[in-house]
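What's in work.pdb: PDB, C-alpha atoms
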```
ATOM      1  CA  MET A  28      12.014  -5.277  -7.285  1.00  0.00           C
ATOM      2  CA  SER A  29      14.934  -3.157  -8.403  1.00  0.00           C
ATOM      3  CA  GLY A  30      17.670  -3.251  -5.773  1.00  0.00           C
ATOM      4  CA  SER A  31      17.563  -4.720  -2.281  1.00  0.00           C
ATOM      5  CA  ILE A  32      14.990  -3.940   0.353  1.00  0.00           C
ATOM      6  CA  GLU A  33      17.731  -2.129   2.280  1.00  0.00           C
ATOM      7  CA  VAL A  34      18.158   0.233  -0.666  1.00  0.00           C
ATOM      8  CA  GLN A  35      14.409   0.799  -0.878  1.00  0.00           C
ATOM      9  CA  LEU A  36      14.149   1.597   2.829  1.00  0.00           C
ATOM     10  CA  GLU A  37      17.109   3.935   2.611  1.00  0.00           C
ATOM     11  CA  GLU A  38      15.525   5.761  -0.330  1.00  0.00           C
ATOM     12  CA  MET A  39      12.321   6.138   1.713  1.00  0.00           C
ATOM     13  CA  HIS A  40      14.335   7.540   4.588  1.00  0.00           C
ATOM     14  CA  LYS A  41      16.147  10.036   2.399  1.00  0.00           C
ATOM     15  CA  ARG A  42      12.896  11.362   0.954  1.00  0.00           C
ATOM     16  CA  VAL A  43      11.459  12.114   4.395  1.00  0.00           C
ATOM     17  CA  THR A  44      14.649  13.417   5.998  1.00  0.00           C
ATOM     18  CA  GLN A  45      15.863  15.504   3.069  1.00  0.00           C
ATOM     19  CA  HIS A  46      12.643  17.411   2.433  1.00  0.00           C
ATOM     20  CA  GLU A  47      12.802  21.111   1.716  1.00  0.00           C
ATOM     21  CA  ILE A  48      13.747  23.042   4.853  1.00  0.00           C
ATOM     22  CA  LEU A  49      10.998  25.358   6.055  1.00  0.00           C
ATOM     23  CA  GLY A  50      11.397  28.555   8.066  1.00  0.00           C
ATOM     24  CA  SER A  51      14.333  30.934   8.193  1.00  0.00           C
ATOM     25  CA  ALA A  52      16.976  28.974  10.129  1.00  0.00           C
ATOM     26  CA  LEU A  53      20.184  28.294   8.221  1.00  0.00           C
ATOM     27  CA  ASP A  54      21.569  25.304  10.166  1.00  0.00           C
ATOM     28  CA  ARG A  55      19.828  22.283   8.584  1.00  0.00           C
ATOM     29  CA  GLU A  56      20.620  19.813  11.378  1.00  0.00           C
ATOM     30  CA  LEU A  57      19.405  22.183  14.086  1.00  0.00           C
ATOM     31  CA  THR A  58      16.345  23.138  12.048  1.00  0.00           C
ATOM     32  CA  GLU A  59      15.349  19.490  11.535  1.00  0.00           C
ATOM     33  CA  LYS A  60      15.815  18.806  15.249  1.00  0.00           C
ATOM     34  CA  ARG A  61      13.692  21.815  16.241  1.00  0.00           C
ATOM     35  CA  GLN A  62      11.019  21.017  13.651  1.00  0.00           C
ATOM     36  CA  ARG A  63      10.694  17.475  14.997  1.00  0.00           C
ATOM     37  CA  GLN A  64      10.399  18.898  18.524  1.00  0.00           C
ATOM     38  CA  ILE A  65       7.696  21.282  17.295  1.00  0.00           C
ATOM     39  CA  VAL A  66       5.746  18.445  15.679  1.00  0.00           C
ATOM     40  CA  GLU A  67       6.013  16.227  18.749  1.00  0.00           C
ATOM     41  CA  SER A  68       5.032  19.053  21.114  1.00  0.00           C
ATOM     42  CA  ALA A  69       2.264  20.496  18.952  1.00  0.00           C
ATOM     43  CA  SER A  70       0.623  17.155  18.140  1.00  0.00           C
ATOM     44  CA  GLY A  71      -1.221  16.890  21.447  1.00  0.00           C
ATOM     45  CA  VAL A  72      -3.007  20.219  21.132  1.00  0.00           C
ATOM     46  CA  LEU A  73      -3.675  19.698  17.410  1.00  0.00           C
ATOM     47  CA  PHE A  74      -5.168  16.241  18.001  1.00  0.00           C
ATOM     48  CA  GLU A  75      -7.344  17.599  20.796  1.00  0.00           C
ATOM     49  CA  LYS A  76      -8.593  20.829  19.220  1.00  0.00           C
ATOM     50  CA  GLY A  77      -8.261  20.105  15.505  1.00  0.00           C
ATOM     51  CA  TYR A  78      -6.314  22.081  12.936  1.00  0.00           C
ATOM     52  CA  HIS A  79      -8.627  25.089  12.535  1.00  0.00           C
ATOM     53  CA  ARG A  80      -9.349  25.598  16.232  1.00  0.00           C
ATOM     54  CA  THR A  81      -5.656  25.486  17.155  1.00  0.00           C
ATOM     55  CA  SER A  82      -3.946  28.859  16.941  1.00  0.00           C
ATOM     56  CA  ILE A  83      -0.279  29.426  16.255  1.00  0.00           C
ATOM     57  CA  ARG A  84      -0.126  30.874  19.779  1.00  0.00           C
ATOM     58  CA  ASP A  85      -1.461  27.548  21.145  1.00  0.00           C
ATOM     59  CA  ILE A  86       1.300  25.751  19.255  1.00  0.00           C
ATOM     60  CA  ALA A  87       4.025  28.091  20.529  1.00  0.00           C
ATOM     61  CA  ALA A  88       2.815  27.540  24.103  1.00  0.00           C
ATOM     62  CA  ALA A  89       2.779  23.749  23.638  1.00  0.00           C
ATOM     63  CA  CYS A  90       6.352  23.927  22.331  1.00  0.00           C
ATOM     64  CA  GLY A  91       7.539  26.198  25.148  1.00  0.00           C
ATOM     65  CA  MET A  92       8.596  28.795  22.585  1.00  0.00           C
ATOM     66  CA  SER A  93       7.879  32.432  21.978  1.00  0.00           C
ATOM     67  CA  MET A  94       6.134  33.311  18.731  1.00  0.00           C
ATOM     68  CA  GLY A  95       9.416  34.677  17.398  1.00  0.00           C
ATOM     69  CA  GLN A  96      11.265  31.451  18.209  1.00  0.00           C
ATOM     70  CA  LEU A  97       8.557  29.355  16.566  1.00  0.00           C
ATOM     71  CA  TYR A  98       8.611  31.440  13.388  1.00  0.00           C
ATOM     72  CA  HIS A  99      12.359  30.911  13.185  1.00  0.00           C
ATOM     73  CA  TYR A 100      11.673  27.266  12.249  1.00  0.00           C
ATOM     74  CA  ILE A 101       8.335  27.470  10.432  1.00  0.00           C
ATOM     75  CA  SER A 102       6.606  30.130   8.384  1.00  0.00           C
ATOM     76  CA  SER A 103       2.956  29.168   8.978  1.00  0.00           C
ATOM     77  CA  LYS A 104       0.615  26.690  10.681  1.00  0.00           C
ATOM     78  CA  ASP A 105       0.378  24.921   7.323  1.00  0.00           C
ATOM     79  CA  ASP A 106       4.081  24.096   7.633  1.00  0.00           C
ATOM     80  CA  ILE A 107       3.327  22.116  10.784  1.00  0.00           C
ATOM     81  CA  LEU A 108       0.573  20.100   9.082  1.00  0.00           C
ATOM     82  CA  TYR A 109       3.020  19.272   6.281  1.00  0.00           C
ATOM     83  CA  LEU A 110       5.766  18.376   8.772  1.00  0.00           C
ATOM     84  CA  ILE A 111       3.412  16.015  10.620  1.00  0.00           C
ATOM     85  CA  HIS A 112       3.012  14.075   7.374  1.00  0.00           C
ATOM     86  CA  VAL A 113       6.790  13.891   6.997  1.00  0.00           C
ATOM     87  CA  TYR A 114       7.155  12.871  10.657  1.00  0.00           C
ATOM     88  CA  SER A 115       4.563  10.071  10.312  1.00  0.00           C
ATOM     89  CA  GLN A 116       6.565   8.496   7.508  1.00  0.00           C
ATOM     90  CA  GLU A 117       9.875   8.956   9.291  1.00  0.00           C
ATOM     91  CA  ILE A 118       8.741   7.183  12.476  1.00  0.00           C
ATOM     92  CA  TRP A 119       7.118   4.400  10.399  1.00  0.00           C
ATOM     93  CA  TYR A 120      10.424   3.924   8.587  1.00  0.00           C
ATOM     94  CA  GLU A 121      12.266   3.828  11.934  1.00  0.00           C
ATOM     95  CA  HIS A 122       9.795   1.228  13.217  1.00  0.00           C
ATOM     96  CA  LEU A 123      10.411  -1.041  10.210  1.00  0.00           C
ATOM     97  CA  ARG A 124      14.172  -0.629  10.482  1.00  0.00           C
ATOM     98  CA  ASP A 125      14.334  -1.173  14.236  1.00  0.00           C
ATOM     99  CA  ALA A 126      12.240  -4.343  13.916  1.00  0.00           C
ATOM    100  CA  GLY A 127      14.846  -5.805  11.551  1.00  0.00           C
ATOM    101  CA  PHE A 128      12.405  -5.932   8.648  1.00  0.00           C
ATOM    102  CA  GLN A 129      15.183  -5.493   6.089  1.00  0.00           C
ATOM    103  CA  SER A 130      16.867  -8.759   7.156  1.00  0.00           C
ATOM    104  CA  ILE A 131      13.970 -10.943   5.932  1.00  0.00           C
ATOM    105  CA  THR A 132      14.999 -12.599   2.667  1.00  0.00           C
ATOM    106  CA  ASP A 133      11.858 -14.521   1.673  1.00  0.00           C
ATOM    107  CA  PRO A 134       9.618 -12.058  -0.242  1.00  0.00           C
ATOM    108  CA  VAL A 135       6.318 -13.597   0.935  1.00  0.00           C
ATOM    109  CA  ALA A 136       7.413 -13.627   4.579  1.00  0.00           C
ATOM    110  CA  ARG A 137       8.676 -10.060   4.073  1.00  0.00           C
ATOM    111  CA  LEU A 138       5.250  -8.905   2.869  1.00  0.00           C
ATOM    112  CA  ALA A 139       3.579 -10.611   5.838  1.00  0.00           C
ATOM    113  CA  ARG A 140       6.007  -9.004   8.265  1.00  0.00           C
ATOM    114  CA  ALA A 141       5.528  -5.591   6.638  1.00  0.00           C
ATOM    115  CA  LEU A 142       1.771  -5.898   7.043  1.00  0.00           C
ATOM    116  CA  ARG A 143       1.950  -6.903  10.702  1.00  0.00           C
ATOM    117  CA  LEU A 144       4.493  -4.220  11.594  1.00  0.00           C
ATOM    118  CA  SER A 145       2.535  -1.533   9.763  1.00  0.00           C
ATOM    119  CA  LEU A 146      -0.892  -2.569  11.081  1.00  0.00           C
ATOM    120  CA  GLU A 147       0.389  -2.628  14.655  1.00  0.00           C
ATOM    121  CA  PHE A 148       2.317   0.614  14.218  1.00  0.00           C
ATOM    122  CA  ILE A 149      -0.622   2.545  12.779  1.00  0.00           C
ATOM    123  CA  GLU A 150      -3.024   1.163  15.383  1.00  0.00           C
ATOM    124  CA  GLY A 151      -0.544   2.333  18.026  1.00  0.00           C
ATOM    125  CA  HIS A 152      -0.575   5.815  16.466  1.00  0.00           C
ATOM    126  CA  ARG A 153      -4.317   5.992  15.868  1.00  0.00           C
ATOM    127  CA  GLN A 154      -4.683   9.653  16.837  1.00  0.00           C
ATOM    128  CA  LEU A 155      -1.921  10.642  14.441  1.00  0.00           C
ATOM    129  CA  TYR A 156      -3.485   8.877  11.456  1.00  0.00           C
ATOM    130  CA  LEU A 157      -7.010  10.036  12.244  1.00  0.00           C
ATOM    131  CA  PHE A 158      -5.653  13.580  12.357  1.00  0.00           C
ATOM    132  CA  LEU A 159      -3.838  13.201   9.037  1.00  0.00           C
ATOM    133  CA  TYR A 160      -6.869  11.756   7.265  1.00  0.00           C
ATOM    134  CA  THR A 161      -9.322  14.335   8.614  1.00  0.00           C
ATOM    135  CA  GLU A 162      -7.174  17.473   8.504  1.00  0.00           C
ATOM    136  CA  SER A 163      -5.078  17.072   5.341  1.00  0.00           C
ATOM    137  CA  LYS A 164      -7.830  18.787   3.359  1.00  0.00           C
ATOM    138  CA  HIS A 165      -6.572  22.036   4.911  1.00  0.00           C
ATOM    139  CA  LEU A 166      -3.114  21.753   3.356  1.00  0.00           C
ATOM    140  CA  GLU A 167      -2.220  24.518   0.946  1.00  0.00           C
ATOM    141  CA  ARG A 168      -1.804  23.452  -2.665  1.00  0.00           C
ATOM    142  CA  GLU A 169       1.997  23.196  -2.750  1.00  0.00           C
ATOM    143  CA  HIS A 170       2.220  21.232   0.481  1.00  0.00           C
ATOM    144  CA  LEU A 171      -0.632  18.955  -0.613  1.00  0.00           C
ATOM    145  CA  LYS A 172       1.261  18.201  -3.824  1.00  0.00           C
ATOM    146  CA  LEU A 173       4.396  17.312  -1.842  1.00  0.00           C
ATOM    147  CA  VAL A 174       2.435  15.134   0.586  1.00  0.00           C
ATOM    148  CA  LEU A 175       0.753  13.218  -2.239  1.00  0.00           C
ATOM    149  CA  GLU A 176       4.120  12.665  -3.913  1.00  0.00           C
ATOM    150  CA  LEU A 177       5.624  11.349  -0.660  1.00  0.00           C
ATOM    151  CA  ASP A 178       2.659   9.049  -0.129  1.00  0.00           C
ATOM    152  CA  ASP A 179       2.927   7.650  -3.652  1.00  0.00           C
ATOM    153  CA  LYS A 180       6.691   7.098  -3.465  1.00  0.00           C
ATOM    154  CA  ASN A 181       7.076   6.021   0.160  1.00  0.00           C
ATOM    155  CA  VAL A 182       3.826   4.354   1.189  1.00  0.00           C
ATOM    156  CA  VAL A 183       2.163   2.987  -1.948  1.00  0.00           C
ATOM    157  CA  GLY A 184       5.611   2.662  -3.516  1.00  0.00           C
ATOM    158  CA  PHE A 185       6.780   0.550  -0.572  1.00  0.00           C
ATOM    159  CA  TYR A 186       4.003  -1.987  -1.201  1.00  0.00           C
ATOM    160  CA  ARG A 187       4.560  -1.860  -4.962  1.00  0.00           C
ATOM    161  CA  HIS A 188       8.153  -2.963  -4.394  1.00  0.00           C
ATOM    162  CA  LEU A 189       7.148  -5.741  -2.000  1.00  0.00           C
ATOM    163  CA  LEU A 190       4.558  -7.091  -4.446  1.00  0.00           C
ATOM    164  CA  ALA A 191       6.907  -6.860  -7.422  1.00  0.00           C
ATOM    165  CA  ASP A 192       9.435  -9.029  -5.585  1.00  0.00           C
ATOM    166  CA  ILE A 193       7.080 -12.013  -5.119  1.00  0.00           C
ATOM    167  CA  PRO A 194       7.705 -14.779  -7.680  1.00  0.00           C
ATOM    168  CA  GLY A 195       4.631 -16.027  -9.482  1.00  0.00           C
ATOM    169  CA  LEU A 196       2.426 -13.112  -8.478  1.00  0.00           C
ATOM    170  CA  GLU A 197       1.026 -12.351 -11.906  1.00  0.00           C
ATOM    171  CA  LEU A 198       0.130  -8.686 -11.757  1.00  0.00           C
ATOM    172  CA  ASP A 199       0.818  -6.271 -14.568  1.00  0.00           C
ATOM    173  CA  ALA A 200       1.949  -2.780 -13.620  1.00  0.00           C
ATOM    174  CA  ALA A 201      -1.583  -1.341 -13.483  1.00  0.00           C
ATOM    175  CA  ARG A 202      -2.988  -4.157 -11.322  1.00  0.00           C
ATOM    176  CA  ARG A 203       0.057  -4.094  -9.062  1.00  0.00           C
ATOM    177  CA  ASP A 204      -0.455  -0.369  -8.588  1.00  0.00           C
ATOM    178  CA  THR A 205      -4.108  -0.942  -7.654  1.00  0.00           C
ATOM    179  CA  ALA A 206      -3.134  -3.768  -5.298  1.00  0.00           C
ATOM    180  CA  ALA A 207      -0.489  -1.596  -3.621  1.00  0.00           C
ATOM    181  CA  ASN A 208      -3.035   1.185  -3.095  1.00  0.00           C
ATOM    182  CA  LEU A 209      -5.525  -1.293  -1.613  1.00  0.00           C
ATOM    183  CA  VAL A 210      -2.908  -2.715   0.760  1.00  0.00           C
ATOM    184  CA  ALA A 211      -1.892   0.791   1.836  1.00  0.00           C
ATOM    185  CA  PHE A 212      -5.544   1.574   2.613  1.00  0.00           C
ATOM    186  CA  ILE A 213      -6.234  -1.698   4.451  1.00  0.00           C
ATOM    187  CA  VAL A 214      -3.211  -1.055   6.653  1.00  0.00           C
ATOM    188  CA  VAL A 215      -4.861   2.106   8.047  1.00  0.00           C
ATOM    189  CA  PHE A 216      -8.276   0.433   8.398  1.00  0.00           C
ATOM    190  CA  LEU A 217      -8.067  -0.178  12.157  1.00  0.00           C
ATOM    191  CA  ALA A 218      -7.067   3.422  12.817  1.00  0.00           C
ATOM    192  CA  LEU A 219      -9.884   4.839  10.697  1.00  0.00           C
ATOM    193  CA  ARG A 220     -12.681   2.336  11.372  1.00  0.00           C
ATOM    194  CA  GLY A 221     -11.615   0.736  14.641  1.00  0.00           C
ATOM    195  CA  TRP A 222     -13.996   2.908  16.643  1.00  0.00           C
ATOM    196  CA  ASN A 223     -16.764   0.337  16.161  1.00  0.00           C
ATOM    197  CA  LEU A 224     -14.607  -2.773  16.603  1.00  0.00           C
ATOM    198  CA  ASP A 225     -13.667  -4.678  19.756  1.00  0.00           C
ATOM    199  CA  THR A 226     -10.393  -3.001  20.773  1.00  0.00           C
ATOM    200  CA  SER A 227      -9.588  -5.888  23.126  1.00  0.00           C
ATOM    201  CA  ARG A 228      -9.107  -8.121  20.069  1.00  0.00           C
ATOM    202  CA  ILE A 229      -6.606  -6.024  18.086  1.00  0.00           C
ATOM    203  CA  SER A 230      -4.229  -8.955  17.594  1.00  0.00           C
ATOM    204  CA  ALA A 231      -7.017 -11.107  16.143  1.00  0.00           C
ATOM    205  CA  GLN A 232      -8.129  -8.247  13.907  1.00  0.00           C
ATOM    206  CA  VAL A 233      -4.562  -7.783  12.648  1.00  0.00           C
ATOM    207  CA  ASP A 234      -4.408 -11.507  11.846  1.00  0.00           C
ATOM    208  CA  PHE A 235      -7.725 -11.322   9.971  1.00  0.00           C
ATOM    209  CA  LEU A 236      -6.635  -8.332   7.888  1.00  0.00           C
ATOM    210  CA  MET A 237      -3.389 -10.083   6.974  1.00  0.00           C
ATOM    211  CA  GLU A 238      -5.338 -13.180   5.901  1.00  0.00           C
ATOM    212  CA  PHE A 239      -7.734 -10.950   3.956  1.00  0.00           C
ATOM    213  CA  VAL A 240      -4.880  -9.330   2.001  1.00  0.00           C
ATOM    214  CA  PHE A 241      -3.144 -12.624   1.271  1.00  0.00           C
ATOM    215  CA  ARG A 242      -6.369 -14.300   0.092  1.00  0.00           C
ATOM    216  CA  GLY A 243      -7.058 -11.348  -2.170  1.00  0.00           C
ATOM    217  CA  LEU A 244      -3.594 -11.693  -3.702  1.00  0.00           C
ATOM    218  CA  GLY A 245      -3.944 -15.466  -4.047  1.00  0.00           C
ATOM    219  CA  LEU A 246      -1.032 -16.090  -1.683  1.00  0.00           C
ATOM    220  CA  GLN A 247      -0.572 -18.464   1.227  1.00  0.00           C
ATOM    221  CA  LEU A 248      -0.001 -16.624   4.486  1.00  0.00           C
ATOM    222  CA  PRO A 249       3.237 -17.862   6.109  1.00  0.00           C
ATOM    223  CA  PRO A 250       3.063 -19.614   9.506  1.00  0.00           C
ATOM    224  CA  ALA A 251       2.869 -17.319  12.543  1.00  0.00           C
ATOM    225  CA  SER A 252       6.515 -18.037  13.400  1.00  0.00           C
ATOM    226  CA  GLU A 253       7.591 -16.451  10.102  1.00  0.00           C
ATOM    227  CA  ARG A 254       5.554 -13.278  10.429  1.00  0.00           C
TER     228      ARG A 254
END
```

Would you write out, as structure tokens, the structure that this file holds?
Amino acid sequence: MSGSIEVQLEEMHKRVTQHEILGSALDRELTEKRQRQIVESASGVLFEKGYHRTSIRDIAAACGMSMGQLYHYISSKDDILYLIHVYSQEIWYEHLRDAGFQSITDPVARLARALRLSLEFIEGHRQLYLFLYTESKHLEREHLKLVLELDDKNVVGFYRHLLADIPGLELDAARRDTAANLVAFIVVFLALRGWNLDTSRISAQVDFLMEFVFRGLGLQLPPASER
């Protein structure tokens, strides 16, 4: 992997926090703060009613803003759907950082820890990920392009880097790319398919999925104390 994991995480963070500013506000710091507040406030009504059935008036009410105030920070409902994608990656990054993920030096243990942190994080934000996977089809073309680029660089790219750093893992670039995409999909499995699984056994299901990934890669899963 080129550079340290700290550098990779910081690059991820920059991509999600330095996205193109939407709306008409000129103060970037204030705009980013207000846009995060809008996303956090609007999520509840969007998750409950769905993207199409939620009006911009519903969103303004959920945010405690007038329509004019809301349009100062966004230009359309599509902006909010795009910003929710950005927000999901930002809070995932914060979760990895706050858990001290970047301090793990062994690349195999680092992959195991990344899987556990991500599986548990996404399961804990199930509504968010279900919403993203079901409603992203409504994104306008330009926002969809940006979202796909962020996903490739930050999510699949994250696993590409982790896999590339493991000695003896004989994957050429094409197979590593496929493996990274598979890992990224397995990580969201519980959020997307957990509706028909025993939710009282989430920890056991996380363990099984980690074992499944490691067996598929031909790797030995580290002891529980190291992951």

Could you spell out the hits of the PyMOL selection byres ((chain A and resi 57-73) around 7) on the shown file, as a JSON list (two decimals) with C-alpha atoms, keeping the file's coordinate frame?
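Listed below is the output, selection-v8.json:
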```json
[["chain", "number", "residue", "atom", "x", "y", "z"],
["A", 52, "ALA", "CA", 16.98, 28.97, 10.13],
["A", 54, "ASP", "CA", 21.57, 25.30, 10.17],
["A", 55, "ARG", "CA", 19.83, 22.28, 8.58],
["A", 56, "GLU", "CA", 20.62, 19.81, 11.38],
["A", 74, "PHE", "CA", -5.17, 16.24, 18.00],
["A", 75, "GLU", "CA", -7.34, 17.60, 20.80],
["A", 76, "LYS", "CA", -8.59, 20.83, 19.22],
["A", 77, "GLY", "CA", -8.26, 20.10, 15.50],
["A", 78, "TYR", "CA", -6.31, 22.08, 12.94],
["A", 81, "THR", "CA", -5.66, 25.49, 17.16],
["A", 86, "ILE", "CA", 1.30, 25.75, 19.26],
["A", 89, "ALA", "CA", 2.78, 23.75, 23.64],
["A", 90, "CYS", "CA", 6.35, 23.93, 22.33],
["A", 100, "TYR", "CA", 11.67, 27.27, 12.25],
["A", 107, "ILE", "CA", 3.33, 22.12, 10.78],
["A", 110, "LEU", "CA", 5.77, 18.38, 8.77],
["A", 111, "ILE", "CA", 3.41, 16.02, 10.62]]
```

Practice problem: Please indicate the distance in Å from atom CA of A:Leu175 to atom CA of A:His99, rounded to one decimal place. | Solution: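 Pair atom CA of A:Leu175 / atom CA of A:His99 returns 26.2 Å.
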
Exercise. Can you give me, as a PyMOL selection string, the residues this file yields under the PyMOL selection byres ((chain A and resi 123-139) around 9)?
Key: chain A and resi 31-33+36+118-122+140-145+186+189-190+192-194+237+241+246-250+253-254

Exercise. Work out how far apart atom CA of A:Glu117 and atom CA of A:Lys41 are and give it in Å to one decimal.
Key: 9.4 Å

Quiz item: On this structure, which residues satisfy the PyMOL selection byres ((chain A and resi 208-213) around 8), written as a ChimeraX atom specification?
Solution: /A:182-183,186,204-207,214-216,236,240

Would you save the residues from that selection as a JSON list (two decimals), in the coordinates of the input, using C-alpha atoms?
```
[["chain", "number", "residue", "atom", "x", "y", "z"],
["A", 182, "VAL", "CA", 3.83, 4.35, 1.19],
["A", 183, "VAL", "CA", 2.16, 2.99, -1.95],
["A", 186, "TYR", "CA", 4.00, -1.99, -1.20],
["A", 204, "ASP", "CA", -0.46, -0.37, -8.59],
["A", 205, "THR", "CA", -4.11, -0.94, -7.65],
["A", 206, "ALA", "CA", -3.13, -3.77, -5.30],
["A", 207, "ALA", "CA", -0.49, -1.60, -3.62],
["A", 214, "VAL", "CA", -3.21, -1.06, 6.65],
["A", 215, "VAL", "CA", -4.86, 2.11, 8.05],
["A", 216, "PHE", "CA", -8.28, 0.43, 8.40],
["A", 236, "LEU", "CA", -6.64, -8.33, 7.89],
["A", 240, "VAL", "CA", -4.88, -9.33, 2.00]]
```

Quiz prompt | For atom CA of A:His188 and atom CA of A:Met39, the interatomic separation in Å (one decimal) | solution =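 Taking atom CA of A:His188 as the start and atom CA of A:Met39 as the end point, the length is 11.7 Å.
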
Quiz item: Restricting the calculation to all atoms listed in the file, which member of A:Gln232, A:Asn181, A:Gln35, A:Ser163 is positioned closest to A:Asp106?
Solution: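 When distances to A:Asp106 are compared using all atoms listed in the file, the smallest one comes from A:Ser163.
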
Quiz item: Pick the closest to A:Ile83 from A:Arg220, A:Arg42, A:Lys104, A:Lys164: which is it, counting all atoms listed in the file?
Solution: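 Ranked by minimum distance to A:Ile83, first place goes to A:Lys104.
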
Quiz item: Can you tell me, as a ChimeraX atom specification, what residues are no more than 10 Å from A:Leu177 when counting only C-alpha atoms, ignoring any on the same chain fewer than 6 positions away?
Solution: /A:39,42-43,46,112-113,116,171,183-184

Go ahead and write the residues just picked, C-alpha atoms, as an mmCIF file, in the coordinates of the input.
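Contents of result.cif, as written:
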```cif
data_model
loop_
_atom_site.group_PDB
_atom_site.id
_atom_site.type_symbol
_atom_site.label_atom_id
_atom_site.label_comp_id
_atom_site.auth_asym_id
_atom_site.auth_seq_id
_atom_site.Cartn_x
_atom_site.Cartn_y
_atom_site.Cartn_z
ATOM 1 C CA MET A 39 12.321 6.138 1.713
ATOM 2 C CA ARG A 42 12.896 11.362 0.954
ATOM 3 C CA VAL A 43 11.459 12.114 4.395
ATOM 4 C CA HIS A 46 12.643 17.411 2.433
ATOM 5 C CA HIS A 112 3.012 14.075 7.374
ATOM 6 C CA VAL A 113 6.790 13.891 6.997
ATOM 7 C CA GLN A 116 6.565 8.496 7.508
ATOM 8 C CA LEU A 171 -0.632 18.955 -0.613
ATOM 9 C CA VAL A 183 2.163 2.987 -1.948
ATOM 10 C CA GLY A 184 5.611 2.662 -3.516
#
```

Complete stretch 226-242 of chain A at the level of N, CA and C atoms, written as an mmCIF file, in the coordinates of the input.
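Output below, filename result.cif:
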```cif
data_model
loop_
_atom_site.group_PDB
_atom_site.id
_atom_site.type_symbol
_atom_site.label_atom_id
_atom_site.label_comp_id
_atom_site.auth_asym_id
_atom_site.auth_seq_id
_atom_site.Cartn_x
_atom_site.Cartn_y
_atom_site.Cartn_z
ATOM 1 N N THR A 226 -11.809 -3.368 20.638
ATOM 2 C CA THR A 226 -10.393 -3.001 20.773
ATOM 3 C C THR A 226 -9.604 -3.985 21.633
ATOM 4 N N SER A 227 -10.300 -4.884 22.325
ATOM 5 C CA SER A 227 -9.588 -5.888 23.126
ATOM 6 C C SER A 227 -9.090 -7.038 22.255
ATOM 7 N N ARG A 228 -9.477 -7.029 20.978
ATOM 8 C CA ARG A 228 -9.107 -8.121 20.069
ATOM 9 C C ARG A 228 -8.273 -7.608 18.899
ATOM 10 N N ILE A 229 -7.413 -6.623 19.161
ATOM 11 C CA ILE A 229 -6.606 -6.024 18.086
ATOM 12 C C ILE A 229 -5.733 -7.068 17.406
ATOM 13 N N SER A 230 -5.112 -7.945 18.189
ATOM 14 C CA SER A 230 -4.229 -8.955 17.594
ATOM 15 C C SER A 230 -5.000 -9.850 16.626
ATOM 16 N N ALA A 231 -6.202 -10.260 17.020
ATOM 17 C CA ALA A 231 -7.017 -11.107 16.143
ATOM 18 C C ALA A 231 -7.440 -10.340 14.896
ATOM 19 N N GLN A 232 -7.727 -9.058 15.056
ATOM 20 C CA GLN A 232 -8.129 -8.247 13.907
ATOM 21 C C GLN A 232 -6.959 -8.045 12.941
ATOM 22 N N VAL A 233 -5.754 -7.876 13.490
ATOM 23 C CA VAL A 233 -4.562 -7.783 12.648
ATOM 24 C C VAL A 233 -4.387 -9.076 11.855
ATOM 25 N N ASP A 234 -4.534 -10.213 12.523
ATOM 26 C CA ASP A 234 -4.408 -11.507 11.846
ATOM 27 C C ASP A 234 -5.434 -11.630 10.715
ATOM 28 N N PHE A 235 -6.676 -11.218 10.985
ATOM 29 C CA PHE A 235 -7.725 -11.322 9.971
ATOM 30 C C PHE A 235 -7.402 -10.450 8.758
ATOM 31 N N LEU A 236 -6.942 -9.231 9.000
ATOM 32 C CA LEU A 236 -6.635 -8.332 7.888
ATOM 33 C C LEU A 236 -5.469 -8.867 7.056
ATOM 34 N N MET A 237 -4.492 -9.474 7.722
ATOM 35 C CA MET A 237 -3.389 -10.083 6.974
ATOM 36 C C MET A 237 -3.892 -11.232 6.105
ATOM 37 N N GLU A 238 -4.757 -12.076 6.673
ATOM 38 C CA GLU A 238 -5.338 -13.180 5.901
ATOM 39 C C GLU A 238 -6.167 -12.643 4.731
ATOM 40 N N PHE A 239 -6.898 -11.567 4.984
ATOM 41 C CA PHE A 239 -7.734 -10.950 3.956
ATOM 42 C C PHE A 239 -6.883 -10.488 2.774
ATOM 43 N N VAL A 240 -5.770 -9.809 3.057
ATOM 44 C CA VAL A 240 -4.880 -9.330 2.001
ATOM 45 C C VAL A 240 -4.273 -10.499 1.232
ATOM 46 N N PHE A 241 -3.797 -11.499 1.944
ATOM 47 C CA PHE A 241 -3.144 -12.624 1.271
ATOM 48 C C PHE A 241 -4.137 -13.412 0.421
ATOM 49 N N ARG A 242 -5.361 -13.605 0.913
ATOM 50 C CA ARG A 242 -6.369 -14.300 0.092
ATOM 51 C C ARG A 242 -6.665 -13.500 -1.165
#
```
